[in-house]
Structure formats: structure tokens, C-alpha cells
>>> print(open('protein-v9.cif').read())   # mmCIF, C-alpha atoms
data_structure
#
loop_
_atom_site.group_PDB
_atom_site.id
_atom_site.type_symbol
_atom_site.label_atom_id
_atom_site.label_comp_id
_atom_site.auth_asym_id
_atom_site.auth_seq_id
_atom_site.Cartn_x
_atom_site.Cartn_y
_atom_site.Cartn_z
ATOM 1 C CA MET A 284 -24.653 -66.230 7.188
ATOM 2 C CA ALA A 285 -27.460 -66.474 9.720
ATOM 3 C CA VAL A 286 -30.858 -64.906 9.358
ATOM 4 C CA GLU A 287 -31.540 -62.446 12.146
ATOM 5 C CA THR A 288 -34.926 -62.479 13.812
ATOM 6 C CA ALA A 289 -36.561 -60.227 16.382
ATOM 7 C CA ALA A 290 -35.215 -60.560 19.899
ATOM 8 C CA PRO A 291 -37.352 -63.112 21.722
ATOM 9 C CA ALA A 292 -39.434 -61.735 24.564
ATOM 10 C CA ALA A 293 -39.703 -65.079 26.331
ATOM 11 C CA ARG A 294 -39.099 -68.751 25.824
ATOM 12 C CA ALA A 295 -40.080 -72.044 27.379
ATOM 13 C CA THR A 296 -38.823 -75.577 26.923
ATOM 14 C CA ALA A 297 -40.548 -78.882 27.581
ATOM 15 C CA ARG A 298 -37.870 -81.534 27.918
ATOM 16 C CA TYR A 299 -38.018 -85.317 27.645
ATOM 17 C CA VAL A 300 -41.495 -85.337 26.118
ATOM 18 C CA ARG A 301 -42.573 -88.909 25.354
ATOM 19 C CA SER A 302 -43.330 -88.313 21.702
ATOM 20 C CA SER A 303 -41.227 -88.400 18.596
ATOM 21 C CA ALA A 304 -39.809 -85.124 17.329
ATOM 22 C CA SER A 305 -41.495 -85.565 13.947
ATOM 23 C CA LYS A 306 -44.944 -85.774 15.577
ATOM 24 C CA ALA A 307 -44.226 -82.670 17.659
ATOM 25 C CA ARG A 308 -42.982 -80.786 14.578
ATOM 26 C CA ALA A 309 -46.293 -81.420 12.818
ATOM 27 C CA VAL A 310 -48.120 -79.612 15.644
ATOM 28 C CA LEU A 311 -45.528 -76.835 15.934
ATOM 29 C CA ASP A 312 -45.888 -76.080 12.217
ATOM 30 C CA LEU A 313 -49.542 -75.207 12.886
ATOM 31 C CA ILE A 314 -48.760 -72.460 15.423
ATOM 32 C CA ARG A 315 -45.529 -70.937 14.067
ATOM 33 C CA GLY A 316 -46.070 -67.220 13.365
ATOM 34 C CA GLU A 317 -49.516 -67.110 14.998
ATOM 35 C CA SER A 318 -50.560 -64.839 17.847
ATOM 36 C CA CYS A 319 -50.569 -66.459 21.286
ATOM 37 C CA GLU A 320 -54.376 -66.421 21.507
ATOM 38 C CA ARG A 321 -54.774 -67.983 18.062
ATOM 39 C CA ALA A 322 -52.073 -70.587 18.778
ATOM 40 C CA ASP A 323 -53.856 -71.558 22.002
ATOM 41 C CA GLU A 324 -57.132 -72.041 20.091
ATOM 42 C CA ILE A 325 -55.408 -74.183 17.468
ATOM 43 C CA LEU A 326 -53.834 -76.382 20.119
ATOM 44 C CA ARG A 327 -57.040 -76.690 22.131
ATOM 45 C CA PHE A 328 -58.931 -78.113 19.148
ATOM 46 C CA SER A 329 -56.121 -80.275 17.805
ATOM 47 C CA GLU A 330 -56.698 -84.002 18.208
ATOM 48 C CA ARG A 331 -53.025 -84.899 18.423
ATOM 49 C CA ARG A 332 -51.813 -86.060 21.828
ATOM 50 C CA VAL A 333 -48.649 -83.953 21.750
ATOM 51 C CA ALA A 334 -50.785 -80.799 21.315
ATOM 52 C CA GLY A 335 -51.502 -80.846 25.062
ATOM 53 C CA VAL A 336 -47.791 -80.764 25.878
ATOM 54 C CA VAL A 337 -47.194 -77.988 23.340
ATOM 55 C CA ALA A 338 -50.097 -76.011 24.863
ATOM 56 C CA ARG A 339 -48.533 -76.296 28.331
ATOM 57 C CA CYS A 340 -45.191 -75.133 26.926
ATOM 58 C CA LEU A 341 -46.900 -72.174 25.204
ATOM 59 C CA ASP A 342 -48.694 -71.239 28.442
ATOM 60 C CA SER A 343 -45.363 -71.360 30.260
ATOM 61 C CA ALA A 344 -43.749 -69.083 27.667
ATOM 62 C CA VAL A 345 -46.624 -66.586 27.985
ATOM 63 C CA ALA A 346 -46.323 -66.667 31.787
ATOM 64 C CA ASN A 347 -42.567 -66.087 31.481
ATOM 65 C CA ALA A 348 -43.183 -63.073 29.239
ATOM 66 C CA GLU A 349 -45.777 -61.608 31.611
ATOM 67 C CA HIS A 350 -43.649 -62.161 34.710
ATOM 68 C CA ASN A 351 -40.149 -61.394 33.443
ATOM 69 C CA THR A 352 -40.763 -58.635 30.888
ATOM 70 C CA SER A 353 -44.257 -57.356 31.859
ATOM 71 C CA LEU A 354 -45.672 -57.954 28.374
ATOM 72 C CA GLN A 355 -49.305 -58.810 27.734
ATOM 73 C CA ALA A 356 -50.208 -61.992 25.892
ATOM 74 C CA SER A 357 -52.108 -59.969 23.270
ATOM 75 C CA GLU A 358 -48.824 -58.325 22.182
ATOM 76 C CA LEU A 359 -46.985 -61.624 21.653
ATOM 77 C CA TYR A 360 -46.710 -64.099 18.802
ATOM 78 C CA VAL A 361 -44.887 -67.398 18.301
ATOM 79 C CA ALA A 362 -41.626 -66.254 16.714
ATOM 80 C CA THR A 363 -39.897 -69.629 16.548
ATOM 81 C CA CYS A 364 -40.725 -73.100 17.752
ATOM 82 C CA TYR A 365 -38.915 -76.335 17.206
ATOM 83 C CA ALA A 366 -38.636 -79.897 18.460
ATOM 84 C CA ASP A 367 -35.233 -81.520 18.907
ATOM 85 C CA GLU A 368 -34.689 -85.214 19.435
ATOM 86 C CA GLY A 369 -34.151 -86.348 22.996
ATOM 87 C CA PRO A 370 -32.710 -89.614 24.261
ATOM 88 C CA THR A 371 -34.249 -92.806 22.903
ATOM 89 C CA LEU A 372 -35.338 -95.519 25.333
ATOM 90 C CA LYS A 373 -34.386 -98.888 23.851
ATOM 91 C CA ARG A 374 -36.523 -101.879 24.741
ATOM 92 C CA TRP A 375 -36.851 -105.419 23.388
ATOM 93 C CA ARG A 376 -39.957 -107.335 22.381
ATOM 94 C CA PRO A 377 -39.742 -111.132 22.454
ATOM 95 C CA ARG A 378 -40.750 -112.806 19.200
ATOM 96 C CA ALA A 379 -41.144 -116.332 17.914
ATOM 97 C CA ARG A 380 -38.278 -118.857 17.840
ATOM 98 C CA GLY A 381 -36.263 -117.080 20.510
ATOM 99 C CA ARG A 382 -35.758 -113.901 18.558
ATOM 100 C CA ALA A 383 -36.244 -110.356 19.843
ATOM 101 C CA THR A 384 -36.999 -107.147 17.989
ATOM 102 C CA PRO A 385 -36.070 -103.685 19.204
ATOM 103 C CA ILE A 386 -38.596 -101.077 20.320
ATOM 104 C CA MET A 387 -37.407 -97.480 20.129
ATOM 105 C CA LYS A 388 -39.318 -95.217 22.521
ATOM 106 C CA ARG A 389 -38.419 -91.787 21.278
ATOM 107 C CA THR A 390 -38.435 -88.514 23.223
ATOM 108 C CA CYS A 391 -38.047 -84.889 22.209
ATOM 109 C CA HIS A 392 -37.365 -81.431 23.608
ATOM 110 C CA ILE A 393 -39.907 -78.765 22.557
ATOM 111 C CA THR A 394 -38.841 -75.102 22.607
ATOM 112 C CA ILE A 395 -41.098 -72.104 21.958
ATOM 113 C CA HIS A 396 -39.807 -68.528 21.559
ATOM 114 C CA LEU A 397 -42.285 -65.652 21.784
ATOM 115 C CA ALA A 398 -41.656 -62.159 20.441
ATOM 116 C CA ARG A 399 -43.505 -58.877 20.670
ATOM 117 C CA TYR A 400 -45.294 -57.506 17.627
ATOM 118 C CA SER A 401 -43.671 -54.436 16.067
ATOM 119 C CA LEU A 402 -45.257 -51.054 16.778
ATOM 120 C CA ALA A 403 -46.781 -50.852 13.291
ATOM 121 C CA GLU A 404 -48.232 -54.351 13.593
ATOM 122 C CA ARG A 405 -49.679 -53.608 17.054
ATOM 123 C CA GLU A 406 -51.383 -50.473 15.699
ATOM 124 C CA ALA A 407 -52.780 -52.412 12.744
ATOM 125 C CA ARG A 408 -54.108 -55.141 15.061
ATOM 126 C CA ALA A 409 -55.709 -52.527 17.323
ATOM 127 C CA GLU A 410 -57.298 -50.845 14.308
ATOM 128 C CA ARG A 411 -58.700 -54.166 13.090
ATOM 129 C CA GLY A 412 -60.079 -54.777 16.572
ATOM 130 C CA LEU A 413 -61.831 -51.409 16.569
ATOM 131 C CA ALA A 414 -63.174 -52.013 13.086
ATOM 132 C CA GLY A 415 -64.632 -55.315 14.246
ATOM 133 C CA GLY A 416 -66.341 -53.541 17.133
ATOM 134 C CA ALA A 417 -67.808 -50.930 14.788
ATOM 135 C CA ALA A 418 -69.110 -53.646 12.476
ATOM 136 C CA ALA A 419 -70.713 -55.402 15.430
ATOM 137 C CA GLU A 420 -72.388 -52.138 16.451
ATOM 138 C CA VAL A 421 -73.783 -51.598 12.942
ATOM 139 C CA ARG A 422 -75.103 -55.163 12.858
ATOM 140 C CA ARG A 423 -76.703 -54.756 16.293
ATOM 141 C CA ARG A 424 -78.564 -51.638 15.119
ATOM 142 C CA ARG A 425 -79.710 -53.383 11.940
ATOM 143 C CA VAL A 426 -81.049 -56.351 13.931
ATOM 144 C CA GLU A 427 -82.886 -54.036 16.334
ATOM 145 C CA ALA A 428 -84.508 -52.205 13.408
ATOM 146 C CA SER A 429 -85.510 -55.515 11.841
ATOM 147 C CA ARG A 430 -87.059 -56.752 15.086
ATOM 148 C CA ALA A 431 -88.913 -53.478 15.557
ATOM 149 C CA ALA A 432 -90.334 -53.763 12.030
ATOM 150 C CA ALA A 433 -91.407 -57.351 12.726
ATOM 151 C CA ASP A 434 -93.163 -56.287 15.930
ATOM 152 C CA GLU A 435 -95.126 -53.622 14.037
ATOM 153 C CA GLY A 436 -96.455 -56.268 11.658
ATOM 154 C CA GLU A 437 -94.747 -55.019 8.527
ATOM 155 C CA PRO A 438 -93.911 -57.842 6.122
ATOM 156 C CA ALA A 439 -90.273 -58.562 5.573
ATOM 157 C CA GLU A 440 -88.725 -58.145 2.121
ATOM 158 C CA THR A 441 -88.263 -61.886 1.701
ATOM 159 C CA ASP A 442 -92.009 -62.535 2.214
ATOM 160 C CA GLU A 443 -92.837 -60.872 -1.137
ATOM 161 C CA ALA A 444 -90.814 -63.448 -3.087
ATOM 162 C CA ALA A 445 -92.628 -66.408 -1.556
ATOM 163 C CA PRO A 446 -95.872 -66.236 -3.696
ATOM 164 C CA GLU A 447 -93.839 -66.400 -6.913
ATOM 165 C CA ASP A 448 -92.225 -69.601 -5.735
ATOM 166 C CA THR A 449 -95.594 -71.221 -5.085
ATOM 167 C CA GLU A 450 -96.840 -70.277 -8.586
ATOM 168 C CA ARG A 451 -93.788 -71.921 -10.142
ATOM 169 C CA GLU A 452 -94.389 -75.076 -8.147
ATOM 170 C CA LYS A 453 -97.985 -75.233 -9.454
ATOM 171 C CA GLU A 454 -96.737 -75.063 -13.051
ATOM 172 C CA ILE A 455 -94.433 -78.007 -12.493
#
>>> encode(input="protein-v9.cif", output="C-alpha cells")
Amino acid sequence: MAVETAAPAARATARYVRSSASKARAVLDLIRGESCERADEILRFSERRVAGVVARCLDSAVANAEHNTSLQASELYVATCYADEGPTLKRWRPRARGRATPIMKRTCHITIHLARYSLAEREARAERGLAGGAAAEVRRRRVEASRAAADEGEPAETDEAAPEDTEREKEI
């Protein structure tokens, strides 16, 4: 019995990536379920080498969604992402006494599926975005009032507490 997920809006695959699948999975676990913008930020600041390849694959999936289905990146999230093993390049390293040890150069195939947020989730995200804008407006007004009070020469509320601190220091 398979678990059904939302129909993917777009997908992209990076094939024959010169990294092991386990290293790619560690990066993919960071972005699974995140919005496309947030996933891009996570990948940009990740120090892992495979994060650059995953970022290119994510950008390709977003471009596919915008071109093929006319969806905006802000409406998309990483629905599923996985790394499958690719072919292994087998090499030999010469060792002492005529021996040789194998070197396995592993590859992987990275696949990212994007899906569109549900209508309820899109409305909630838009509402949170508006709330953030309102909070920024309130803060801007408060800062302007504070600066105006400072220009008039009125002491700030924190300046009144300073003399008490100096008296305590004298006692010590």
C-alpha cells in the first residue's frame, strides 16, 4: 500500500554526480519539505561540496515549473527529493610488495520533485507575509518617534537607571 502525495508540479534530475549517494542524502534531508526560497538559502550557506550540485538541480526544477506549468517559485516547495546510486568507477591503487587495493569512485543520481502549496497553505503564507509587513511598519514608526525624542533632547528611559548602577559600584 503506497502513500499518496500531492501531484508534483515539476521535477529535475542531476545524473552521474561525482559524489556518493549517502553524502547527497545528507544535504537533501536539509531541504525536504522546505519552500524553494528557504531551500535555496540553506544550500547557499551549506559547506558541503554536493550542495552546489543540489542547488543547480533545485534551480532547474524551479525553472521547469515556471516554464512548463506557469507557477511562481513562491508557490512551490520541495515535495520529495532523493539520491539513488549511480555506476561506480573502479580503479586500483598500487601498494607495497606488488599488491593493489581497489578505489571505488561512487556516483549518484539526484532527483527533486516540487509541488504547489495547497490553497489554505498559500493563504496562510500570504497572511504571515502581511503580518510581517505590519510589524515592520509599527517598528519603523517606533524608531522614528524615538529618534525625534532624541533630537529634542529628552532623556531616554534607560538613562534614568544609569545613576543607580554607579552608586552600586561605589559601594563595592
>>> residues_around(input="protein-v9.cif", residues="Tyr365 in chain A", least_positions_apart="6", cutoff="8 Å", atoms="only C-alpha atoms", output="list in words")
Arg308, Leu311, Ile393, Thr394 and Ile395 of chain A
>>> residues_around(input="protein-v9.cif", residues="range 375-391 of chain A", least_positions_apart="2", cutoff="12 Å", atoms="all atoms listed in the file", output="PyMOL selection string")
chain A and resi 296-308+333+336-337+365-373+393-394
>>> atom_distance(input="protein-v9.cif", atom1="CA of Gly412 in chain A", atom2="CA of Ser357 in chain A")
11.6 Å
>>> axis_aligned_box(input="protein-v9.cif", around="range 293-297 of chain A", padding_each_side="6 Å", output="lines of an AutoDock Vina configuration file")
center_x = -39.7
center_y = -72.0
center_z = 26.7
size_x = 13.7
size_y = 25.8
size_z = 13.8
>>> closest_residue(input="protein-v9.cif", among="A:Glu358, A:Glu420, A:Glu435, A:Glu349", to="Ser401 in chain A", atoms="all atoms listed in the file")
A:Glu358
>>> resolve_selection(input="protein-v9.cif", expression="the PyMOL selection byres ((chain A and resi 397) around 12)", output="VMD selection string")
chain A and resid 288 to 296 314 to 319 322 340 to 349 352 354 to 364 394 to 396 398 to 400
>>> write_last_selection(input="protein-v9.cif", atoms="C-alpha atoms", output="JSON list (two decimals), keeping the file's coordinate frame")
[["chain", "number", "residue", "atom", "x", "y", "z"],
["A", 288, "THR", "CA", -34.93, -62.48, 13.81],
["A", 289, "ALA", "CA", -36.56, -60.23, 16.38],
["A", 290, "ALA", "CA", -35.22, -60.56, 19.90],
["A", 291, "PRO", "CA", -37.35, -63.11, 21.72],
["A", 292, "ALA", "CA", -39.43, -61.74, 24.56],
["A", 293, "ALA", "CA", -39.70, -65.08, 26.33],
["A", 294, "ARG", "CA", -39.10, -68.75, 25.82],
["A", 295, "ALA", "CA", -40.08, -72.04, 27.38],
["A", 296, "THR", "CA", -38.82, -75.58, 26.92],
["A", 314, "ILE", "CA", -48.76, -72.46, 15.42],
["A", 315, "ARG", "CA", -45.53, -70.94, 14.07],
["A", 316, "GLY", "CA", -46.07, -67.22, 13.36],
["A", 317, "GLU", "CA", -49.52, -67.11, 15.00],
["A", 318, "SER", "CA", -50.56, -64.84, 17.85],
["A", 319, "CYS", "CA", -50.57, -66.46, 21.29],
["A", 322, "ALA", "CA", -52.07, -70.59, 18.78],
["A", 340, "CYS", "CA", -45.19, -75.13, 26.93],
["A", 341, "LEU", "CA", -46.90, -72.17, 25.20],
["A", 342, "ASP", "CA", -48.69, -71.24, 28.44],
["A", 343, "SER", "CA", -45.36, -71.36, 30.26],
["A", 344, "ALA", "CA", -43.75, -69.08, 27.67],
["A", 345, "VAL", "CA", -46.62, -66.59, 27.98],
["A", 346, "ALA", "CA", -46.32, -66.67, 31.79],
["A", 347, "ASN", "CA", -42.57, -66.09, 31.48],
["A", 348, "ALA", "CA", -43.18, -63.07, 29.24],
["A", 349, "GLU", "CA", -45.78, -61.61, 31.61],
["A", 352, "THR", "CA", -40.76, -58.64, 30.89],
["A", 354, "LEU", "CA", -45.67, -57.95, 28.37],
["A", 355, "GLN", "CA", -49.30, -58.81, 27.73],
["A", 356, "ALA", "CA", -50.21, -61.99, 25.89],
["A", 357, "SER", "CA", -52.11, -59.97, 23.27],
["A", 358, "GLU", "CA", -48.82, -58.32, 22.18],
["A", 359, "LEU", "CA", -46.98, -61.62, 21.65],
["A", 360, "TYR", "CA", -46.71, -64.10, 18.80],
["A", 361, "VAL", "CA", -44.89, -67.40, 18.30],
["A", 362, "ALA", "CA", -41.63, -66.25, 16.71],
["A", 363, "THR", "CA", -39.90, -69.63, 16.55],
["A", 364, "CYS", "CA", -40.72, -73.10, 17.75],
["A", 394, "THR", "CA", -38.84, -75.10, 22.61],
["A", 395, "ILE", "CA", -41.10, -72.10, 21.96],
["A", 396, "HIS", "CA", -39.81, -68.53, 21.56],
["A", 398, "ALA", "CA", -41.66, -62.16, 20.44],
["A", 399, "ARG", "CA", -43.50, -58.88, 20.67],
["A", 400, "TYR", "CA", -45.29, -57.51, 17.63]]
>>> closest_residue(input="protein-v9.cif", among="A:Ala403, A:Ala309, A:Ala431, A:Asn351", to="Glu330 in chain A", atoms="all atoms listed in the file")
A:Ala309
>>> atom_distance(input="protein-v9.cif", atom1="CA of Asp312 in chain A", atom2="CA of Arg408 in chain A")
22.7 Å
>>> atom_distance(input="protein-v9.cif", atom1="CA of Leu326 in chain A", atom2="CA of Val310 in chain A")
7.9 Å
